[in-house]
Amino acid sequence: MFEMSVMAVCLAIALKFFGLVCRGHPFEILILVAAYVFCVIAFGLLMGALVREPYHAITWSLFYVMPSVLFAGAIWSRTSMDNVSLVLSYIMPIGYAANDLRSLFVKGSAVGIELRLLGLLIMGAIFFAAAIHFLEANKFANDNAQRTHAVDA
């Protein structure tokens, strides 16, 4: 909820003070941003469940941030990507949200947004389920290690 509030405040500031043009319906923008935030938070939970050392969380996040900038369609569009880049752009959640958000602001509509919303929700659900699985596995392993340590002591 906090992320959505920050996003709404930033968009309001951009609209009011920087002359950002927004032709899209606020509800569509909110739904798209909410689906993206859900997916990214679930991905973050998954990465948090997978890291063993806290400092790895910093370096691992770069493996998401840098490619997502490249494959979001901001630098070059999906229509001009080679096959490998195109596949990678569909693995990154930002690839589902960036173009539609741009289309909503500039054109007022995004053709096929429902399919990409579904993709974000499915990816988020997969990330969330995997995060739960790995968190439970880590908890089980930690509980066993503590019991073994207590028996040894």
# chains A, B, ... in the order shown; residues from 1 in each chain; ligands from 1
call {"tool": "select_by_dssp", "arguments": {"residues": "chain A", "states": "helix (DSSP H, G or I)", "output": "JSON list (two decimals) with N, CA and C atoms, in the first residue's frame"}}
result
[["chain", "number", "residue", "atom", "x", "y", "z"],
["A", 2, "PHE", "N", 1.97, 1.19, 0.72],
["A", 2, "PHE", "CA", 2.87, 2.34, 0.78],
["A", 2, "PHE", "C", 3.42, 2.67, -0.60],
["A", 3, "GLU", "N", 3.80, 1.63, -1.36],
["A", 3, "GLU", "CA", 4.35, 1.84, -2.69],
["A", 3, "GLU", "C", 3.33, 2.51, -3.60],
["A", 4, "MET", "N", 2.07, 2.10, -3.48],
["A", 4, "MET", "CA", 1.03, 2.69, -4.31],
["A", 4, "MET", "C", 0.82, 4.16, -3.94],
["A", 5, "SER", "N", 0.90, 4.46, -2.66],
["A", 5, "SER", "CA", 0.74, 5.85, -2.22],
["A", 5, "SER", "C", 1.87, 6.73, -2.74],
["A", 6, "VAL", "N", 3.09, 6.23, -2.68],
["A", 6, "VAL", "CA", 4.24, 6.98, -3.18],
["A", 6, "VAL", "C", 4.10, 7.21, -4.68],
["A", 7, "MET", "N", 3.70, 6.17, -5.39],
["A", 7, "MET", "CA", 3.52, 6.30, -6.83],
["A", 7, "MET", "C", 2.43, 7.33, -7.16],
["A", 8, "ALA", "N", 1.33, 7.31, -6.43],
["A", 8, "ALA", "CA", 0.25, 8.26, -6.67],
["A", 8, "ALA", "C", 0.70, 9.69, -6.40],
["A", 9, "VAL", "N", 1.45, 9.89, -5.32],
["A", 9, "VAL", "CA", 1.95, 11.23, -5.00],
["A", 9, "VAL", "C", 2.91, 11.71, -6.08],
["A", 10, "CYS", "N", 3.81, 10.84, -6.52],
["A", 10, "CYS", "CA", 4.76, 11.22, -7.58],
["A", 10, "CYS", "C", 4.05, 11.57, -8.88],
["A", 11, "LEU", "N", 3.05, 10.79, -9.24],
["A", 11, "LEU", "CA", 2.28, 11.09, -10.45],
["A", 11, "LEU", "C", 1.52, 12.40, -10.31],
["A", 12, "ALA", "N", 0.95, 12.63, -9.13],
["A", 12, "ALA", "CA", 0.22, 13.89, -8.91],
["A", 12, "ALA", "C", 1.16, 15.09, -9.01],
["A", 13, "ILE", "N", 2.36, 14.97, -8.45],
["A", 13, "ILE", "CA", 3.34, 16.06, -8.54],
["A", 13, "ILE", "C", 3.74, 16.29, -9.99],
["A", 14, "ALA", "N", 3.98, 15.19, -10.72],
["A", 14, "ALA", "CA", 4.36, 15.31, -12.13],
["A", 14, "ALA", "C", 3.26, 15.97, -12.96],
["A", 15, "LEU", "N", 2.02, 15.61, -12.67],
["A", 15, "LEU", "CA", 0.89, 16.19, -13.40],
["A", 15, "LEU", "C", 0.72, 17.67, -13.07],
["A", 16, "LYS", "N", 0.84, 18.01, -11.82],
["A", 16, "LYS", "CA", 0.57, 19.38, -11.37],
["A", 16, "LYS", "C", 1.71, 20.34, -11.70],
["A", 17, "PHE", "N", 2.95, 19.94, -11.42],
["A", 17, "PHE", "CA", 4.06, 20.89, -11.48],
["A", 17, "PHE", "C", 4.95, 20.75, -12.71],
["A", 26, "PRO", "N", -7.54, 7.25, -14.68],
["A", 26, "PRO", "CA", -6.77, 6.98, -13.45],
["A", 26, "PRO", "C", -6.95, 5.57, -12.92],
["A", 27, "PHE", "N", -8.15, 4.99, -13.09],
["A", 27, "PHE", "CA", -8.39, 3.63, -12.60],
["A", 27, "PHE", "C", -7.52, 2.62, -13.35],
["A", 28, "GLU", "N", -7.39, 2.77, -14.66],
["A", 28, "GLU", "CA", -6.55, 1.86, -15.44],
["A", 28, "GLU", "C", -5.08, 1.99, -15.02],
["A", 29, "ILE", "N", -4.65, 3.21, -14.81],
["A", 29, "ILE", "CA", -3.27, 3.44, -14.38],
["A", 29, "ILE", "C", -3.04, 2.81, -13.01],
["A", 30, "LEU", "N", -4.00, 2.99, -12.11],
["A", 30, "LEU", "CA", -3.89, 2.42, -10.76],
["A", 30, "LEU", "C", -3.83, 0.90, -10.81],
["A", 31, "ILE", "N", -4.68, 0.29, -11.60],
["A", 31, "ILE", "CA", -4.69, -1.18, -11.72],
["A", 31, "ILE", "C", -3.37, -1.68, -12.28],
["A", 32, "LEU", "N", -2.86, -1.03, -13.30],
["A", 32, "LEU", "CA", -1.60, -1.44, -13.91],
["A", 32, "LEU", "C", -0.45, -1.31, -12.91],
["A", 33, "VAL", "N", -0.38, -0.20, -12.23],
["A", 33, "VAL", "CA", 0.69, 0.02, -11.25],
["A", 33, "VAL", "C", 0.56, -0.97, -10.09],
["A", 34, "ALA", "N", -0.67, -1.23, -9.65],
["A", 34, "ALA", "CA", -0.88, -2.19, -8.56],
["A", 34, "ALA", "C", -0.42, -3.59, -8.95],
["A", 35, "ALA", "N", -0.73, -4.01, -10.16],
["A", 35, "ALA", "CA", -0.29, -5.34, -10.62],
["A", 35, "ALA", "C", 1.23, -5.40, -10.71],
["A", 36, "TYR", "N", 1.84, -4.33, -11.20],
["A", 36, "TYR", "CA", 3.30, -4.29, -11.28],
["A", 36, "TYR", "C", 3.93, -4.31, -9.89],
["A", 37, "VAL", "N", 3.40, -3.52, -8.98],
["A", 37, "VAL", "CA", 3.93, -3.48, -7.61],
["A", 37, "VAL", "C", 3.79, -4.85, -6.95],
["A", 38, "PHE", "N", 2.64, -5.51, -7.13],
["A", 38, "PHE", "CA", 2.45, -6.86, -6.59],
["A", 38, "PHE", "C", 3.52, -7.81, -7.11],
["A", 39, "CYS", "N", 3.76, -7.75, -8.40],
["A", 39, "CYS", "CA", 4.74, -8.65, -9.02],
["A", 39, "CYS", "C", 6.15, -8.37, -8.50],
["A", 40, "VAL", "N", 6.52, -7.11, -8.39],
["A", 40, "VAL", "CA", 7.87, -6.76, -7.96],
["A", 40, "VAL", "C", 8.07, -7.07, -6.48],
["A", 41, "ILE", "N", 7.05, -6.85, -5.66],
["A", 41, "ILE", "CA", 7.17, -7.19, -4.24],
["A", 41, "ILE", "C", 7.30, -8.70, -4.08],
["A", 42, "ALA", "N", 6.52, -9.46, -4.83],
["A", 42, "ALA", "CA", 6.63, -10.92, -4.77],
["A", 42, "ALA", "C", 8.02, -11.37, -5.23],
["A", 43, "PHE", "N", 8.54, -10.73, -6.26],
["A", 43, "PHE", "CA", 9.90, -11.04, -6.73],
["A", 43, "PHE", "C", 10.92, -10.71, -5.65],
["A", 44, "GLY", "N", 10.76, -9.57, -4.99],
["A", 44, "GLY", "CA", 11.66, -9.20, -3.90],
["A", 44, "GLY", "C", 11.61, -10.19, -2.75],
["A", 45, "LEU", "N", 10.41, -10.67, -2.41],
["A", 45, "LEU", "CA", 10.28, -11.68, -1.37],
["A", 45, "LEU", "C", 10.99, -12.97, -1.76],
["A", 46, "LEU", "N", 10.86, -13.33, -3.03],
["A", 46, "LEU", "CA", 11.55, -14.53, -3.51],
["A", 46, "LEU", "C", 13.06, -14.37, -3.40],
["A", 47, "MET", "N", 13.57, -13.24, -3.83],
["A", 47, "MET", "CA", 15.02, -13.01, -3.73],
["A", 47, "MET", "C", 15.46, -13.00, -2.26],
["A", 48, "GLY", "N", 14.65, -12.42, -1.39],
["A", 48, "GLY", "CA", 14.96, -12.41, 0.03],
["A", 48, "GLY", "C", 14.97, -13.82, 0.62],
["A", 49, "ALA", "N", 14.10, -14.68, 0.11],
["A", 49, "ALA", "CA", 14.05, -16.05, 0.59],
["A", 49, "ALA", "C", 15.23, -16.87, 0.08],
["A", 50, "LEU", "N", 15.79, -16.47, -1.05],
["A", 50, "LEU", "CA", 16.88, -17.24, -1.64],
["A", 50, "LEU", "C", 18.27, -16.85, -1.14],
["A", 54, "PRO", "N", 23.19, -11.43, 3.78],
["A", 54, "PRO", "CA", 22.48, -10.17, 3.51],
["A", 54, "PRO", "C", 23.12, -9.33, 2.41],
["A", 55, "TYR", "N", 24.43, -9.31, 2.30],
["A", 55, "TYR", "CA", 25.07, -8.48, 1.27],
["A", 55, "TYR", "C", 24.78, -8.98, -0.13],
["A", 56, "HIS", "N", 24.39, -10.24, -0.28],
["A", 56, "HIS", "CA", 24.01, -10.76, -1.60],
["A", 56, "HIS", "C", 22.74, -10.09, -2.12],
["A", 57, "ALA", "N", 21.88, -9.66, -1.22],
["A", 57, "ALA", "CA", 20.64, -9.01, -1.65],
["A", 57, "ALA", "C", 20.94, -7.76, -2.47],
["A", 58, "ILE", "N", 22.03, -7.07, -2.14],
["A", 58, "ILE", "CA", 22.40, -5.87, -2.88],
["A", 58, "ILE", "C", 22.88, -6.23, -4.28],
["A", 59, "THR", "N", 23.78, -7.19, -4.38],
["A", 59, "THR", "CA", 24.32, -7.54, -5.70],
["A", 59, "THR", "C", 23.29, -8.27, -6.55],
["A", 60, "TRP", "N", 22.49, -9.12, -5.95],
["A", 60, "TRP", "CA", 21.49, -9.85, -6.73],
["A", 60, "TRP", "C", 20.46, -8.90, -7.33],
["A", 61, "SER", "N", 20.12, -7.84, -6.61],
["A", 61, "SER", "CA", 19.12, -6.91, -7.14],
["A", 61, "SER", "C", 19.60, -6.24, -8.42],
["A", 62, "LEU", "N", 20.91, -6.07, -8.56],
["A", 62, "LEU", "CA", 21.44, -5.48, -9.79],
["A", 62, "LEU", "C", 21.19, -6.37, -11.00],
["A", 63, "PHE", "N", 21.11, -7.68, -10.78],
["A", 63, "PHE", "CA", 20.82, -8.58, -11.88],
["A", 63, "PHE", "C", 19.38, -8.46, -12.37],
["A", 64, "TYR", "N", 18.53, -7.80, -11.58],
["A", 64, "TYR", "CA", 17.19, -7.49, -12.04],
["A", 64, "TYR", "C", 17.10, -6.06, -12.56],
["A", 65, "VAL", "N", 17.67, -5.13, -11.83],
["A", 65, "VAL", "CA", 17.50, -3.71, -12.16],
["A", 65, "VAL", "C", 18.12, -3.38, -13.52],
["A", 66, "MET", "N", 19.34, -3.78, -13.74],
["A", 66, "MET", "CA", 20.01, -3.40, -14.99],
["A", 66, "MET", "C", 19.33, -3.99, -16.22],
["A", 67, "PRO", "N", 19.05, -5.29, -16.26],
["A", 67, "PRO", "CA", 18.34, -5.81, -17.44],
["A", 67, "PRO", "C", 16.94, -5.24, -17.60],
["A", 68, "SER", "N", 16.27, -4.93, -16.49],
["A", 68, "SER", "CA", 14.91, -4.40, -16.64],
["A", 68, "SER", "C", 14.93, -3.02, -17.29],
["A", 69, "VAL", "N", 15.98, -2.26, -17.06],
["A", 69, "VAL", "CA", 16.11, -0.96, -17.75],
["A", 69, "VAL", "C", 16.31, -1.20, -19.24],
["A", 70, "LEU", "N", 17.15, -2.16, -19.57],
["A", 70, "LEU", "CA", 17.44, -2.43, -20.98],
["A", 70, "LEU", "C", 16.25, -3.03, -21.72],
["A", 71, "PHE", "N", 15.52, -3.93, -21.06],
["A", 71, "PHE", "CA", 14.48, -4.67, -21.76],
["A", 71, "PHE", "C", 13.07, -4.18, -21.49],
["A", 78, "ARG", "N", 10.19, -3.28, -28.27],
["A", 78, "ARG", "CA", 10.21, -4.74, -28.46],
["A", 78, "ARG", "C", 10.21, -5.11, -29.94],
["A", 79, "THR", "N", 9.61, -4.30, -30.76],
["A", 79, "THR", "CA", 9.56, -4.62, -32.19],
["A", 79, "THR", "C", 10.94, -4.60, -32.84],
["A", 80, "SER", "N", 11.89, -3.88, -32.24],
["A", 80, "SER", "CA", 13.23, -3.82, -32.82],
["A", 80, "SER", "C", 14.24, -4.71, -32.09],
["A", 83, "ASN", "N", 15.74, -11.84, -31.06],
["A", 83, "ASN", "CA", 14.94, -12.87, -30.40],
["A", 83, "ASN", "C", 15.32, -13.09, -28.94],
["A", 84, "VAL", "N", 16.61, -13.08, -28.62],
["A", 84, "VAL", "CA", 17.05, -13.29, -27.23],
["A", 84, "VAL", "C", 16.58, -12.13, -26.36],
["A", 85, "SER", "N", 16.78, -10.91, -26.82],
["A", 85, "SER", "CA", 16.33, -9.74, -26.06],
["A", 85, "SER", "C", 14.81, -9.74, -25.89],
["A", 86, "LEU", "N", 14.10, -10.15, -26.92],
["A", 86, "LEU", "CA", 12.65, -10.20, -26.85],
["A", 86, "LEU", "C", 12.18, -11.19, -25.78],
["A", 87, "VAL", "N", 12.79, -12.36, -25.73],
["A", 87, "VAL", "CA", 12.44, -13.34, -24.70],
["A", 87, "VAL", "C", 12.74, -12.78, -23.31],
["A", 88, "LEU", "N", 13.90, -12.15, -23.15],
["A", 88, "LEU", "CA", 14.25, -11.56, -21.86],
["A", 88, "LEU", "C", 13.28, -10.46, -21.46],
["A", 89, "SER", "N", 12.78, -9.70, -22.43],
["A", 89, "SER", "CA", 11.85, -8.62, -22.11],
["A", 89, "SER", "C", 10.53, -9.17, -21.57],
["A", 90, "TYR", "N", 10.18, -10.40, -21.95],
["A", 90, "TYR", "CA", 8.95, -11.00, -21.44],
["A", 90, "TYR", "C", 9.14, -11.69, -20.10],
["A", 91, "ILE", "N", 10.38, -11.85, -19.66],
["A", 91, "ILE", "CA", 10.66, -12.41, -18.33],
["A", 91, "ILE", "C", 10.62, -11.30, -17.28],
["A", 94, "ILE", "N", 8.73, -5.44, -15.61],
["A", 94, "ILE", "CA", 8.64, -4.06, -16.10],
["A", 94, "ILE", "C", 8.25, -4.03, -17.58],
["A", 95, "GLY", "N", 8.62, -5.07, -18.31],
["A", 95, "GLY", "CA", 8.27, -5.14, -19.73],
["A", 95, "GLY", "C", 6.77, -5.19, -19.96],
["A", 96, "TYR", "N", 6.04, -5.69, -18.97],
["A", 96, "TYR", "CA", 4.59, -5.77, -19.09],
["A", 96, "TYR", "C", 3.92, -4.45, -18.73],
["A", 97, "ALA", "N", 4.58, -3.64, -17.93],
["A", 97, "ALA", "CA", 3.96, -2.42, -17.42],
["A", 97, "ALA", "C", 4.41, -1.15, -18.13],
["A", 98, "ALA", "N", 5.66, -1.07, -18.53],
["A", 98, "ALA", "CA", 6.22, 0.19, -19.03],
["A", 98, "ALA", "C", 5.52, 0.69, -20.29],
["A", 99, "ASN", "N", 5.38, -0.16, -21.27],
["A", 99, "ASN", "CA", 4.76, 0.27, -22.53],
["A", 99, "ASN", "C", 3.30, 0.64, -22.35],
["A", 100, "ASP", "N", 2.58, -0.15, -21.54],
["A", 100, "ASP", "CA", 1.17, 0.16, -21.31],
["A", 100, "ASP", "C", 1.00, 1.45, -20.53],
["A", 101, "LEU", "N", 1.86, 1.68, -19.55],
["A", 101, "LEU", "CA", 1.78, 2.92, -18.80],
["A", 101, "LEU", "C", 2.05, 4.12, -19.71],
["A", 102, "ARG", "N", 3.05, 3.99, -20.57],
["A", 102, "ARG", "CA", 3.34, 5.05, -21.53],
["A", 102, "ARG", "C", 2.15, 5.26, -22.47],
["A", 103, "SER", "N", 1.56, 4.18, -22.95],
["A", 103, "SER", "CA", 0.41, 4.31, -23.84],
["A", 103, "SER", "C", -0.78, 4.95, -23.14],
["A", 104, "LEU", "N", -1.00, 4.60, -21.88],
["A", 104, "LEU", "CA", -2.11, 5.21, -21.15],
["A", 104, "LEU", "C", -1.90, 6.71, -21.00],
["A", 105, "PHE", "N", -0.69, 7.12, -20.71],
["A", 105, "PHE", "CA", -0.42, 8.54, -20.54],
["A", 105, "PHE", "C", -0.50, 9.29, -21.86],
["A", 106, "VAL", "N", 0.10, 8.75, -22.89],
["A", 106, "VAL", "CA", 0.22, 9.48, -24.16],
["A", 106, "VAL", "C", -1.03, 9.33, -25.03],
["A", 113, "ILE", "N", -4.08, -4.49, -22.86],
["A", 113, "ILE", "CA", -3.61, -4.31, -21.48],
["A", 113, "ILE", "C", -4.08, -5.46, -20.57],
["A", 114, "GLU", "N", -5.25, -6.01, -20.85],
["A", 114, "GLU", "CA", -5.79, -7.07, -20.01],
["A", 114, "GLU", "C", -4.87, -8.28, -19.99],
["A", 115, "LEU", "N", -4.33, -8.63, -21.15],
["A", 115, "LEU", "CA", -3.43, -9.78, -21.23],
["A", 115, "LEU", "C", -2.15, -9.54, -20.44],
["A", 116, "ARG", "N", -1.60, -8.35, -20.52],
["A", 116, "ARG", "CA", -0.38, -8.04, -19.78],
["A", 116, "ARG", "C", -0.65, -7.91, -18.28],
["A", 117, "LEU", "N", -1.82, -7.43, -17.91],
["A", 117, "LEU", "CA", -2.21, -7.43, -16.50],
["A", 117, "LEU", "C", -2.27, -8.86, -15.97],
["A", 118, "LEU", "N", -2.87, -9.74, -16.75],
["A", 118, "LEU", "CA", -2.94, -11.15, -16.38],
["A", 118, "LEU", "C", -1.53, -11.73, -16.25],
["A", 119, "GLY", "N", -0.65, -11.37, -17.18],
["A", 119, "GLY", "CA", 0.74, -11.84, -17.11],
["A", 119, "GLY", "C", 1.43, -11.38, -15.83],
["A", 120, "LEU", "N", 1.23, -10.12, -15.47],
["A", 120, "LEU", "CA", 1.83, -9.60, -14.23],
["A", 120, "LEU", "C", 1.29, -10.33, -13.01],
["A", 121, "LEU", "N", -0.02, -10.56, -12.98],
["A", 121, "LEU", "CA", -0.63, -11.24, -11.84],
["A", 121, "LEU", "C", -0.17, -12.69, -11.74],
["A", 122, "ILE", "N", -0.04, -13.36, -12.88],
["A", 122, "ILE", "CA", 0.43, -14.75, -12.87],
["A", 122, "ILE", "C", 1.89, -14.81, -12.43],
["A", 123, "MET", "N", 2.72, -13.92, -12.98],
["A", 123, "MET", "CA", 4.13, -13.89, -12.56],
["A", 123, "MET", "C", 4.24, -13.59, -11.08],
["A", 124, "GLY", "N", 3.47, -12.63, -10.59],
["A", 124, "GLY", "CA", 3.48, -12.29, -9.17],
["A", 124, "GLY", "C", 3.07, -13.47, -8.31],
["A", 125, "ALA", "N", 2.03, -14.19, -8.73],
["A", 125, "ALA", "CA", 1.57, -15.36, -7.98],
["A", 125, "ALA", "C", 2.64, -16.45, -7.96],
["A", 126, "ILE", "N", 3.31, -16.66, -9.08],
["A", 126, "ILE", "CA", 4.39, -17.65, -9.13],
["A", 126, "ILE", "C", 5.53, -17.24, -8.21],
["A", 127, "PHE", "N", 5.95, -15.98, -8.29],
["A", 127, "PHE", "CA", 7.02, -15.50, -7.42],
["A", 127, "PHE", "C", 6.62, -15.62, -5.95],
["A", 128, "PHE", "N", 5.38, -15.26, -5.64],
["A", 128, "PHE", "CA", 4.91, -15.30, -4.26],
["A", 128, "PHE", "C", 4.87, -16.74, -3.74],
["A", 129, "ALA", "N", 4.36, -17.67, -4.55],
["A", 129, "ALA", "CA", 4.31, -19.08, -4.16],
["A", 129, "ALA", "C", 5.71, -19.64, -3.96],
["A", 130, "ALA", "N", 6.63, -19.29, -4.86],
["A", 130, "ALA", "CA", 8.02, -19.75, -4.72],
["A", 130, "ALA", "C", 8.66, -19.16, -3.47],
["A", 131, "ALA", "N", 8.37, -17.89, -3.18],
["A", 131, "ALA", "CA", 8.92, -17.26, -1.97],
["A", 131, "ALA", "C", 8.42, -17.98, -0.72],
["A", 132, "ILE", "N", 7.13, -18.29, -0.68],
["A", 132, "ILE", "CA", 6.58, -19.03, 0.47],
["A", 132, "ILE", "C", 7.26, -20.38, 0.60],
["A", 133, "HIS", "N", 7.41, -21.07, -0.52],
["A", 133, "HIS", "CA", 8.06, -22.38, -0.50],
["A", 133, "HIS", "C", 9.48, -22.29, 0.07],
["A", 134, "PHE", "N", 10.27, -21.35, -0.43],
["A", 134, "PHE", "CA", 11.66, -21.25, 0.03],
["A", 134, "PHE", "C", 11.75, -20.73, 1.46],
["A", 135, "LEU", "N", 10.85, -19.84, 1.86],
["A", 135, "LEU", "CA", 10.84, -19.38, 3.25],
["A", 135, "LEU", "C", 10.50, -20.52, 4.20],
["A", 136, "GLU", "N", 9.52, -21.35, 3.83],
["A", 136, "GLU", "CA", 9.18, -22.51, 4.66],
["A", 136, "GLU", "C", 10.32, -23.52, 4.69],
["A", 137, "ALA", "N", 10.97, -23.74, 3.55],
["A", 137, "ALA", "CA", 12.11, -24.66, 3.51],
["A", 137, "ALA", "C", 13.25, -24.14, 4.37],
["A", 138, "ASN", "N", 13.51, -22.84, 4.32],
["A", 138, "ASN", "CA", 14.57, -22.25, 5.16],
["A", 138, "ASN", "C", 14.21, -22.34, 6.63],
["A", 139, "LYS", "N", 12.94, -22.11, 6.96],
["A", 139, "LYS", "CA", 12.50, -22.21, 8.35],
["A", 139, "LYS", "C", 12.66, -23.64, 8.85],
["A", 140, "PHE", "N", 12.27, -24.60, 8.03],
["A", 140, "PHE", "CA", 12.42, -26.01, 8.39],
["A", 140, "PHE", "C", 13.89, -26.36, 8.60],
["A", 141, "ALA", "N", 14.76, -25.90, 7.70],
["A", 141, "ALA", "CA", 16.19, -26.17, 7.82],
["A", 141, "ALA", "C", 16.76, -25.51, 9.07],
["A", 142, "ASN", "N", 16.35, -24.28, 9.36],
["A", 142, "ASN", "CA", 16.83, -23.58, 10.56],
["A", 142, "ASN", "C", 16.34, -24.26, 11.83],
["A", 143, "ASP", "N", 15.08, -24.70, 11.84],
["A", 143, "ASP", "CA", 14.55, -25.41, 13.01],
["A", 143, "ASP", "C", 15.32, -26.69, 13.26],
["A", 144, "ASN", "N", 15.61, -27.43, 12.19],
["A", 144, "ASN", "CA", 16.37, -28.67, 12.33],
["A", 144, "ASN", "C", 17.79, -28.40, 12.81],
["A", 145, "ALA", "N", 18.40, -27.34, 12.30],
["A", 145, "ALA", "CA", 19.76, -26.99, 12.72],
["A", 145, "ALA", "C", 19.78, -26.60, 14.19],
["A", 146, "GLN", "N", 18.77, -25.88, 14.66],
["A", 146, "GLN", "CA", 18.71, -25.50, 16.06],
["A", 146, "GLN", "C", 18.50, -26.72, 16.95],
["A", 147, "ARG", "N", 17.64, -27.65, 16.51],
["A", 147, "ARG", "CA", 17.43, -28.88, 17.30],
["A", 147, "ARG", "C", 18.71, -29.70, 17.35],
["A", 148, "THR", "N", 19.40, -29.81, 16.23],
["A", 148, "THR", "CA", 20.65, -30.57, 16.19],
["A", 148, "THR", "C", 21.70, -29.91, 17.08],
["A", 149, "HIS", "N", 21.77, -28.60, 17.04],
["A", 149, "HIS", "CA", 22.73, -27.85, 17.86],
["A", 149, "HIS", "C", 22.39, -28.03, 19.35],
["A", 150, "ALA", "N", 21.11, -28.03, 19.70],
["A", 150, "ALA", "CA", 20.70, -28.19, 21.09],
["A", 150, "ALA", "C", 21.03, -29.59, 21.59],
["A", 151, "VAL", "N", 20.88, -30.60, 20.75],
["A", 151, "VAL", "CA", 21.20, -31.98, 21.12],
["A", 151, "VAL", "C", 22.70, -32.14, 21.31],
["A", 152, "ASP", "N", 23.49, -31.50, 20.43],
["A", 152, "ASP", "CA", 24.94, -31.60, 20.52],
["A", 152, "ASP", "C", 25.47, -30.91, 21.77]]
call {"tool": "residues_around", "arguments": {"residues": "Gly108 of chain A", "least_positions_apart": "5", "cutoff": "9 Å", "atoms": "only C-alpha atoms", "output": "ChimeraX atom specification"}}
result
/A:22-25,103
call {"tool": "write_last_selection", "arguments": {"atoms": "C-alpha atoms", "output": "PDB file, in the first residue's frame"}}
result
ATOM      1  CA  CYS A  22      -2.151  12.082 -18.874  1.00  0.00           C
ATOM      2  CA  ARG A  23      -4.874  11.005 -21.266  1.00  0.00           C
ATOM      3  CA  GLY A  24      -5.522   7.667 -19.566  1.00  0.00           C
ATOM      4  CA  HIS A  25      -8.172   6.848 -17.024  1.00  0.00           C
ATOM      5  CA  SER A 103       0.408   4.305 -23.844  1.00  0.00           C
TER       6      SER A 103
END
call {"tool": "atom_distance", "arguments": {"atom1": "atom CA of Leu20 of chain A", "atom2": "atom CA of Ser77 of chain A"}}
result
21.6 Å
